[in-house]
$ cat structure_12.json   # JSON, C-alpha atoms
[["chain", "number", "residue", "atom", "x", "y", "z"],
["A", 66, "MET", "CA", 14.91, -1.77, -17.35],
["A", 67, "ASN", "CA", 18.70, -2.09, -17.49],
["A", 68, "ASN", "CA", 19.17, 1.66, -17.92],
["A", 69, "VAL", "CA", 17.59, 2.57, -14.58],
["A", 70, "ASN", "CA", 20.14, 4.61, -12.64],
["A", 71, "ILE", "CA", 20.73, 3.94, -8.94],
["A", 72, "ASP", "CA", 23.89, 5.41, -7.45],
["A", 73, "CYS", "CA", 23.17, 5.58, -3.73],
["A", 74, "GLU", "CA", 23.57, 3.07, -0.95],
["A", 75, "ILE", "CA", 20.30, 1.69, 0.40],
["A", 76, "PRO", "CA", 20.15, 1.79, 4.23],
["A", 77, "ASP", "CA", 19.85, -1.73, 5.61],
["A", 78, "ASP", "CA", 16.75, -0.78, 7.58],
["A", 79, "LEU", "CA", 14.85, 1.06, 4.83],
["A", 80, "ILE", "CA", 11.13, 0.29, 4.60],
["A", 81, "LEU", "CA", 9.23, 1.24, 1.44],
["A", 82, "PHE", "CA", 5.43, 1.28, 1.63],
["A", 83, "ILE", "CA", 3.55, 1.35, -1.68],
["A", 84, "SER", "CA", -0.12, 2.25, -1.59],
["A", 85, "GLY", "CA", -2.85, 2.79, -4.17],
["A", 86, "VAL", "CA", -6.24, 1.53, -5.33],
["A", 87, "PRO", "CA", -6.67, -1.65, -7.43],
["A", 88, "GLY", "CA", -5.20, -1.30, -10.92],
["A", 89, "VAL", "CA", -2.44, 1.24, -10.28],
["A", 90, "GLY", "CA", 0.31, -1.38, -10.45],
["A", 91, "LYS", "CA", 1.48, -1.80, -6.85],
["A", 92, "THR", "CA", 2.46, -5.45, -7.17],
["A", 93, "THR", "CA", 4.00, -5.12, -10.63],
["A", 94, "ILE", "CA", 6.07, -2.12, -9.60],
["A", 95, "SER", "CA", 7.18, -3.82, -6.37],
["A", 96, "TYR", "CA", 8.56, -6.84, -8.21],
["A", 97, "GLU", "CA", 10.14, -4.79, -10.98],
["A", 98, "LEU", "CA", 11.81, -2.60, -8.37],
["A", 99, "LEU", "CA", 13.10, -5.75, -6.71],
["A", 100, "LYS", "CA", 14.90, -6.67, -9.95],
["A", 101, "ILE", "CA", 16.78, -3.36, -9.87],
["A", 102, "LEU", "CA", 17.34, -3.06, -6.12],
["A", 103, "ASN", "CA", 17.81, -6.68, -5.12],
["A", 104, "VAL", "CA", 18.78, -5.77, -1.57],
["A", 105, "PHE", "CA", 15.05, -5.36, -0.93],
["A", 106, "ARG", "CA", 12.66, -8.08, 0.14],
["A", 107, "ILE", "CA", 8.92, -7.97, -0.54],
["A", 108, "ILE", "CA", 6.81, -8.59, 2.54],
["A", 109, "GLU", "CA", 3.46, -10.22, 1.76],
["A", 110, "GLU", "CA", 2.47, -11.06, 5.32],
["A", 111, "THR", "CA", -0.01, -8.19, 5.57],
["A", 112, "ASP", "CA", -2.37, -9.89, 3.09],
["A", 113, "LEU", "CA", -2.02, -13.10, 5.10],
["A", 114, "ILE", "CA", -2.79, -11.22, 8.32],
["A", 115, "ARG", "CA", -6.03, -9.90, 6.82],
["A", 116, "GLU", "CA", -7.07, -13.40, 5.71],
["A", 117, "ILE", "CA", -6.33, -14.83, 9.17],
["A", 118, "LEU", "CA", -8.35, -12.04, 10.78],
["A", 119, "ARG", "CA", -11.27, -12.73, 8.43],
["A", 120, "GLY", "CA", -11.19, -16.42, 9.29],
["A", 121, "TYR", "CA", -10.92, -15.74, 13.00],
["A", 122, "ASN", "CA", -13.72, -13.21, 12.77],
["A", 123, "ASP", "CA", -15.99, -15.77, 11.08],
["A", 124, "PHE", "CA", -15.06, -18.44, 13.63],
["A", 125, "ILE", "CA", -15.91, -16.20, 16.60],
["A", 126, "LYS", "CA", -19.20, -15.17, 14.98],
["A", 127, "ASP", "CA", -20.16, -18.81, 14.51],
["A", 128, "GLU", "CA", -19.17, -19.68, 18.08],
["A", 129, "PHE", "CA", -20.95, -16.82, 19.82],
["A", 130, "LYS", "CA", -23.56, -15.99, 17.19],
["A", 131, "ASP", "CA", -25.50, -12.89, 18.28],
["A", 132, "LYS", "CA", -24.22, -12.73, 21.85],
["A", 133, "ILE", "CA", -21.50, -10.18, 21.10],
["A", 134, "GLN", "CA", -22.67, -8.77, 17.78],
["A", 135, "PHE", "CA", -22.01, -5.25, 19.03],
["A", 136, "LEU", "CA", -18.28, -6.06, 19.03],
["A", 137, "PHE", "CA", -18.30, -7.24, 15.44],
["A", 138, "ASP", "CA", -20.00, -4.04, 14.36],
["A", 139, "LYS", "CA", -16.76, -2.35, 15.44],
["A", 140, "ILE", "CA", -14.14, -4.85, 14.25],
["A", 141, "ASP", "CA", -15.65, -6.38, 11.10],
["A", 142, "ILE", "CA", -13.02, -7.56, 8.61],
["A", 143, "ILE", "CA", -14.58, -6.85, 5.22],
["A", 144, "ASP", "CA", -14.87, -9.69, 2.70],
["A", 145, "ARG", "CA", -12.33, -9.84, -0.13],
["A", 146, "GLY", "CA", -15.10, -9.54, -2.74],
["A", 147, "LYS", "CA", -16.12, -6.06, -1.60],
["A", 148, "ILE", "CA", -14.60, -2.82, -2.87],
["A", 149, "LEU", "CA", -13.53, -0.86, 0.20],
["A", 150, "SER", "CA", -14.40, 2.78, 0.59],
["A", 151, "ILE", "CA", -11.51, 4.96, 1.75],
["A", 152, "ASP", "CA", -12.98, 4.99, 5.27],
["A", 153, "GLU", "CA", -13.27, 1.20, 5.28],
["A", 154, "ALA", "CA", -9.69, 0.89, 4.02],
["A", 155, "LYS", "CA", -8.54, 3.16, 6.83],
["A", 156, "GLN", "CA", -10.40, 1.02, 9.34],
["A", 157, "GLN", "CA", -8.80, -2.15, 7.97],
["A", 158, "CYS", "CA", -5.40, -0.50, 8.23],
["A", 159, "ILE", "CA", -6.12, 0.42, 11.86],
["A", 160, "PHE", "CA", -6.98, -3.22, 12.62],
["A", 161, "ILE", "CA", -3.65, -4.51, 11.31],
["A", 162, "LYS", "CA", -1.49, -1.50, 12.19],
["A", 163, "LYS", "CA", 0.09, -3.20, 15.21],
["A", 164, "SER", "CA", 0.99, -6.24, 13.09],
["A", 165, "ILE", "CA", 2.52, -3.99, 10.42],
["A", 166, "GLU", "CA", 4.43, -2.16, 13.14],
["A", 167, "ASN", "CA", 5.83, -5.47, 14.40],
["A", 168, "ILE", "CA", 6.86, -6.46, 10.86],
["A", 169, "VAL", "CA", 8.63, -3.11, 10.37],
["A", 170, "ALA", "CA", 10.43, -3.48, 13.72],
["A", 171, "ARG", "CA", 11.53, -7.01, 12.81],
["A", 172, "GLN", "CA", 12.82, -6.07, 9.35],
["A", 173, "GLN", "CA", 14.66, -3.02, 10.66],
["A", 174, "ARG", "CA", 16.13, -5.00, 13.54],
["A", 175, "LYS", "CA", 17.41, -7.64, 11.11],
["A", 176, "GLY", "CA", 18.65, -4.98, 8.72],
["A", 177, "ILE", "CA", 16.58, -6.12, 5.74],
["A", 178, "PRO", "CA", 15.37, -3.35, 3.38],
["A", 179, "SER", "CA", 11.75, -4.22, 2.65],
["A", 180, "ILE", "CA", 8.81, -3.35, 0.41],
["A", 181, "ILE", "CA", 5.27, -3.58, 1.77],
["A", 182, "ASN", "CA", 2.32, -2.89, -0.52],
["A", 183, "GLY", "CA", -1.44, -3.31, -0.66],
["A", 184, "VAL", "CA", -4.82, -1.59, -0.80],
["A", 185, "HIS", "CA", -4.86, -1.72, 3.00],
["A", 186, "ILE", "CA", -1.69, 0.37, 3.23],
["A", 187, "ILE", "CA", -2.93, 3.85, 4.15],
["A", 188, "PRO", "CA", -0.08, 6.34, 4.77],
["A", 189, "GLU", "CA", -2.30, 8.56, 6.93],
["A", 190, "ILE", "CA", -2.90, 5.68, 9.36],
["A", 191, "LEU", "CA", 0.67, 4.35, 9.36],
["A", 192, "ASP", "CA", 2.34, 7.74, 9.84],
["A", 193, "GLY", "CA", 4.68, 7.54, 12.83],
["A", 194, "LEU", "CA", 5.66, 3.87, 12.64],
["A", 195, "ALA", "CA", 9.19, 3.52, 14.04],
["A", 196, "GLY", "CA", 9.22, 7.31, 14.32],
["A", 197, "ASN", "CA", 9.19, 7.35, 10.49],
["A", 198, "HIS", "CA", 12.90, 6.46, 10.66],
["A", 199, "ASN", "CA", 14.08, 5.27, 7.24],
["A", 200, "ILE", "CA", 10.50, 4.79, 6.08],
["A", 201, "ILE", "CA", 9.20, 6.00, 2.73],
["A", 202, "TYR", "CA", 5.55, 6.05, 1.66],
["A", 203, "ILE", "CA", 4.84, 5.99, -2.07],
["A", 204, "ASN", "CA", 1.24, 6.41, -3.18],
["A", 205, "LEU", "CA", 0.60, 5.52, -6.83],
["A", 206, "TYR", "CA", -2.42, 7.27, -8.32],
["A", 207, "ILE", "CA", -4.17, 7.77, -11.65],
["A", 208, "ASN", "CA", -5.68, 11.09, -12.74],
["A", 209, "ASN", "CA", -8.72, 9.85, -14.70],
["A", 210, "GLU", "CA", -11.38, 7.14, -14.54],
["A", 211, "THR", "CA", -10.81, 5.84, -18.07],
["A", 212, "GLU", "CA", -7.24, 4.82, -17.31],
["A", 213, "ILE", "CA", -8.31, 2.90, -14.20],
["A", 214, "TYR", "CA", -10.95, 1.11, -16.28],
["A", 215, "ASN", "CA", -8.44, 0.22, -19.00],
["A", 216, "ARG", "CA", -5.90, -1.09, -16.52],
["A", 217, "LEU", "CA", -8.41, -3.28, -14.71],
["A", 218, "LEU", "CA", -9.82, -4.48, -18.03],
["A", 219, "ASN", "CA", -6.38, -5.48, -19.27],
["A", 220, "ARG", "CA", -5.61, -7.22, -16.00],
["A", 221, "ASN", "CA", -8.85, -9.20, -15.86],
["A", 222, "PRO", "CA", -11.78, -8.56, -18.27],
["A", 223, "ASP", "CA", -14.11, -10.48, -15.93],
["A", 224, "THR", "CA", -13.28, -8.67, -12.72],
["A", 225, "TYR", "CA", -16.22, -7.39, -10.69],
["A", 226, "MET", "CA", -14.28, -4.14, -10.17],
["A", 227, "LEU", "CA", -15.18, -2.91, -13.65],
["A", 228, "ASP", "CA", -18.67, -2.17, -12.31],
["A", 229, "HIS", "CA", -17.23, 0.14, -9.64],
["A", 230, "ILE", "CA", -14.81, 2.34, -11.56],
["A", 231, "SER", "CA", -16.22, 5.66, -10.33],
["A", 232, "PHE", "CA", -16.09, 4.42, -6.73],
["A", 233, "ILE", "CA", -12.49, 3.21, -7.14],
["A", 234, "TYR", "CA", -11.52, 6.49, -8.80],
["A", 235, "GLN", "CA", -12.96, 8.54, -5.93],
["A", 236, "ASN", "CA", -11.01, 6.41, -3.45],
["A", 237, "ASN", "CA", -7.93, 7.01, -5.60],
["A", 238, "ILE", "CA", -8.44, 10.79, -5.35],
["A", 239, "ALA", "CA", -9.11, 10.63, -1.59],
["A", 240, "LEU", "CA", -5.91, 8.66, -1.04],
["A", 241, "TYR", "CA", -3.98, 11.12, -3.20],
["A", 242, "LEU", "CA", -5.28, 14.13, -1.25],
["A", 243, "SER", "CA", -4.59, 12.46, 2.08],
["A", 244, "THR", "CA", -1.00, 11.66, 1.08],
["A", 245, "LEU", "CA", -0.53, 15.14, -0.41],
["A", 246, "LYS", "CA", -1.49, 16.71, 2.91],
["A", 247, "LEU", "CA", 1.09, 14.56, 4.69],
["A", 248, "SER", "CA", 3.78, 15.33, 2.10],
["A", 249, "GLU", "CA", 3.34, 19.06, 2.67],
["A", 250, "LYS", "CA", 4.36, 18.56, 6.31],
["A", 251, "LYS", "CA", 6.81, 15.67, 5.93],
["A", 252, "ARG", "CA", 8.51, 16.08, 2.61],
["A", 253, "TYR", "CA", 10.53, 13.10, 1.37],
["A", 254, "VAL", "CA", 8.67, 10.74, 3.74],
["A", 255, "PHE", "CA", 5.33, 10.87, 1.87],
["A", 256, "ASN", "CA", 5.18, 10.89, -1.90],
["A", 257, "ASN", "CA", 2.49, 10.82, -4.59],
["A", 258, "ILE", "CA", 3.42, 9.53, -8.03],
["A", 259, "ASP", "CA", 1.00, 10.04, -10.93],
["A", 260, "VAL", "CA", 1.43, 6.83, -12.95],
["A", 261, "THR", "CA", -1.28, 7.61, -15.53],
["A", 262, "ASN", "CA", 1.14, 8.08, -18.42],
["A", 263, "LEU", "CA", 4.25, 6.47, -16.96],
["A", 264, "THR", "CA", 5.87, 3.29, -18.14],
["A", 265, "ILE", "CA", 7.07, 0.79, -15.57],
["A", 266, "LYS", "CA", 10.62, 2.06, -16.10],
["A", 267, "ASP", "CA", 9.47, 5.68, -15.61],
["A", 268, "THR", "CA", 7.69, 4.74, -12.40],
["A", 269, "ILE", "CA", 10.74, 2.89, -11.09],
["A", 270, "ASN", "CA", 12.87, 5.96, -11.83],
["A", 271, "GLU", "CA", 10.40, 8.15, -9.91],
["A", 272, "ILE", "CA", 10.52, 5.81, -6.92],
["A", 273, "ILE", "CA", 14.31, 5.68, -6.99],
["A", 274, "GLY", "CA", 14.29, 9.48, -7.01],
["A", 275, "CYS", "CA", 12.10, 9.45, -3.91],
["A", 276, "ILE", "CA", 14.46, 6.98, -2.23],
["A", 277, "LYS", "CA", 17.49, 9.17, -3.01],
["A", 278, "HIS", "CA", 15.81, 12.29, -1.63],
["A", 279, "ARG", "CA", 14.81, 10.43, 1.53],
["A", 280, "ILE", "CA", 18.34, 9.10, 2.09],
["A", 281, "GLN", "CA", 19.91, 12.50, 1.48],
["A", 282, "ASN", "CA", 17.46, 14.33, 3.72]]
$ encode --input "structure_12.json" --output "structure tokens"
Amino acid sequence: MNNVNIDCEIPDDLILFISGVPGVGKTTISYELLKILNVFRIIEETDLIREILRGYNDFIKDEFKDKIQFLFDKIDIIDRGKILSIDEAKQQCIFIKKSIENIVARQQRKGIPSIINGVHIIPEILDGLAGNHNIIYINLYINNETEIYNRLLNRNPDTYMLDHISFIYQNNIALYLSTLKLSEKKRYVFNNIDVTNLTIKDTINEIIGCIKHRIQN
């Protein structure tokens, strides 16, 4: 990774969102990018926010039981053990959008370049945060089901996700198409990167290229 080239100054309020379905390498890429661009910080609060919401959701259900079930039909926080459809992922992103917006505002106010990643990061839903000022969305995707299967298998041979490869792949395509549509209107803000045949170093180079284009445009 020492040969990765970065020759531009990172704005002190740059926010990099990394999205993608399970298995595409969001976390790995985030931490490897951090080794190259150590001005960044990785923000993991969004996962914590989802867990807190799940716990609070369960608490309220237990307290009020069926008295306000109609509300929970609208705001249900899906269990961690369930593979989210793209629509469910969008809904989860809507639930925590205000919290993400507050995190972005805080990091930009403090002047801390930050990376935020996760399956709940949906560019389509987050479009417009902070007026898209110094924000970059990177969606990592894979162009075939076999590669998703192999990646999940290598990560954890016992994962329940191996039984849902086709479902995950379709979500992967839906997220790609959604981000592609945004990129056609807001070039340099929204980016798709096909990581199917890329090494970690290749992927980092692609992301750095996206960062350079965003800074220069």
$ residues_around --input "structure_12.json" --residues "Asn257 of chain A" --least-positions-apart "4" --cutoff "7 Å" --atoms "all atoms listed in the file" --output "VMD selection string"
chain A and resid 203 to 205 241 244 to 245
$ atom_distance --input "structure_12.json" --atom1 "atom CA of Gln173 of chain A" --atom2 "atom CA of Asn282 of chain A"
18.9 Å
$ atom_distance --input "structure_12.json" --atom1 "atom CA of Ala154 of chain A" --atom2 "atom CA of Tyr202 of chain A"
16.3 Å
$ closest_residue --input "structure_12.json" --among "A:Ile177, A:Ile187, A:Leu102, A:Ile238" --to "Ile165 of chain A" --atoms "all atoms listed in the file"
A:Ile187
$ atom_distance --input "structure_12.json" --atom1 "atom CA of Cys73 of chain A" --atom2 "atom CA of Lys277 of chain A"
6.8 Å
$ residues_around --input "structure_12.json" --residues "segment 265-274 of chain A" --least-positions-apart "2" --cutoff "12 Å" --atoms "only C-alpha atoms" --output "PyMOL selection string"
chain A and resi 66-75+81-83+89-102+180+201-206+253-263+276-281
$ write_last_selection --input "structure_12.json" --atoms "C-alpha atoms" --output "CSV table (one decimal), in the coordinates of the input"
chain,number,residue,atom,x,y,z
A,66,MET,CA,14.9,-1.8,-17.4
A,67,ASN,CA,18.7,-2.1,-17.5
A,68,ASN,CA,19.2,1.7,-17.9
A,69,VAL,CA,17.6,2.6,-14.6
A,70,ASN,CA,20.1,4.6,-12.6
A,71,ILE,CA,20.7,3.9,-8.9
A,72,ASP,CA,23.9,5.4,-7.4
A,73,CYS,CA,23.2,5.6,-3.7
A,74,GLU,CA,23.6,3.1,-1.0
A,75,ILE,CA,20.3,1.7,0.4
A,81,LEU,CA,9.2,1.2,1.4
A,82,PHE,CA,5.4,1.3,1.6
A,83,ILE,CA,3.6,1.4,-1.7
A,89,VAL,CA,-2.4,1.2,-10.3
A,90,GLY,CA,0.3,-1.4,-10.4
A,91,LYS,CA,1.5,-1.8,-6.8
A,92,THR,CA,2.5,-5.4,-7.2
A,93,THR,CA,4.0,-5.1,-10.6
A,94,ILE,CA,6.1,-2.1,-9.6
A,95,SER,CA,7.2,-3.8,-6.4
A,96,TYR,CA,8.6,-6.8,-8.2
A,97,GLU,CA,10.1,-4.8,-11.0
A,98,LEU,CA,11.8,-2.6,-8.4
A,99,LEU,CA,13.1,-5.8,-6.7
A,100,LYS,CA,14.9,-6.7,-10.0
A,101,ILE,CA,16.8,-3.4,-9.9
A,102,LEU,CA,17.3,-3.1,-6.1
A,180,ILE,CA,8.8,-3.4,0.4
A,201,ILE,CA,9.2,6.0,2.7
A,202,TYR,CA,5.6,6.0,1.7
A,203,ILE,CA,4.8,6.0,-2.1
A,204,ASN,CA,1.2,6.4,-3.2
A,205,LEU,CA,0.6,5.5,-6.8
A,206,TYR,CA,-2.4,7.3,-8.3
A,253,TYR,CA,10.5,13.1,1.4
A,254,VAL,CA,8.7,10.7,3.7
A,255,PHE,CA,5.3,10.9,1.9
A,256,ASN,CA,5.2,10.9,-1.9
A,257,ASN,CA,2.5,10.8,-4.6
A,258,ILE,CA,3.4,9.5,-8.0
A,259,ASP,CA,1.0,10.0,-10.9
A,260,VAL,CA,1.4,6.8,-13.0
A,261,THR,CA,-1.3,7.6,-15.5
A,262,ASN,CA,1.1,8.1,-18.4
A,263,LEU,CA,4.2,6.5,-17.0
A,276,ILE,CA,14.5,7.0,-2.2
A,277,LYS,CA,17.5,9.2,-3.0
A,278,HIS,CA,15.8,12.3,-1.6
A,279,ARG,CA,14.8,10.4,1.5
A,280,ILE,CA,18.3,9.1,2.1
A,281,GLN,CA,19.9,12.5,1.5
$ closest_residue --input "structure_12.json" --among "A:Val169, A:Ile213, A:Met226, A:Val104" --to "Leu191 of chain A" --atoms "only C-alpha atoms"
A:Val169
$ closest_residue --input "structure_12.json" --among "A:Pro222, A:Gly193, A:Pro178, A:Pro188" --to "Ile108 of chain A" --atoms "only C-alpha atoms"
A:Pro178
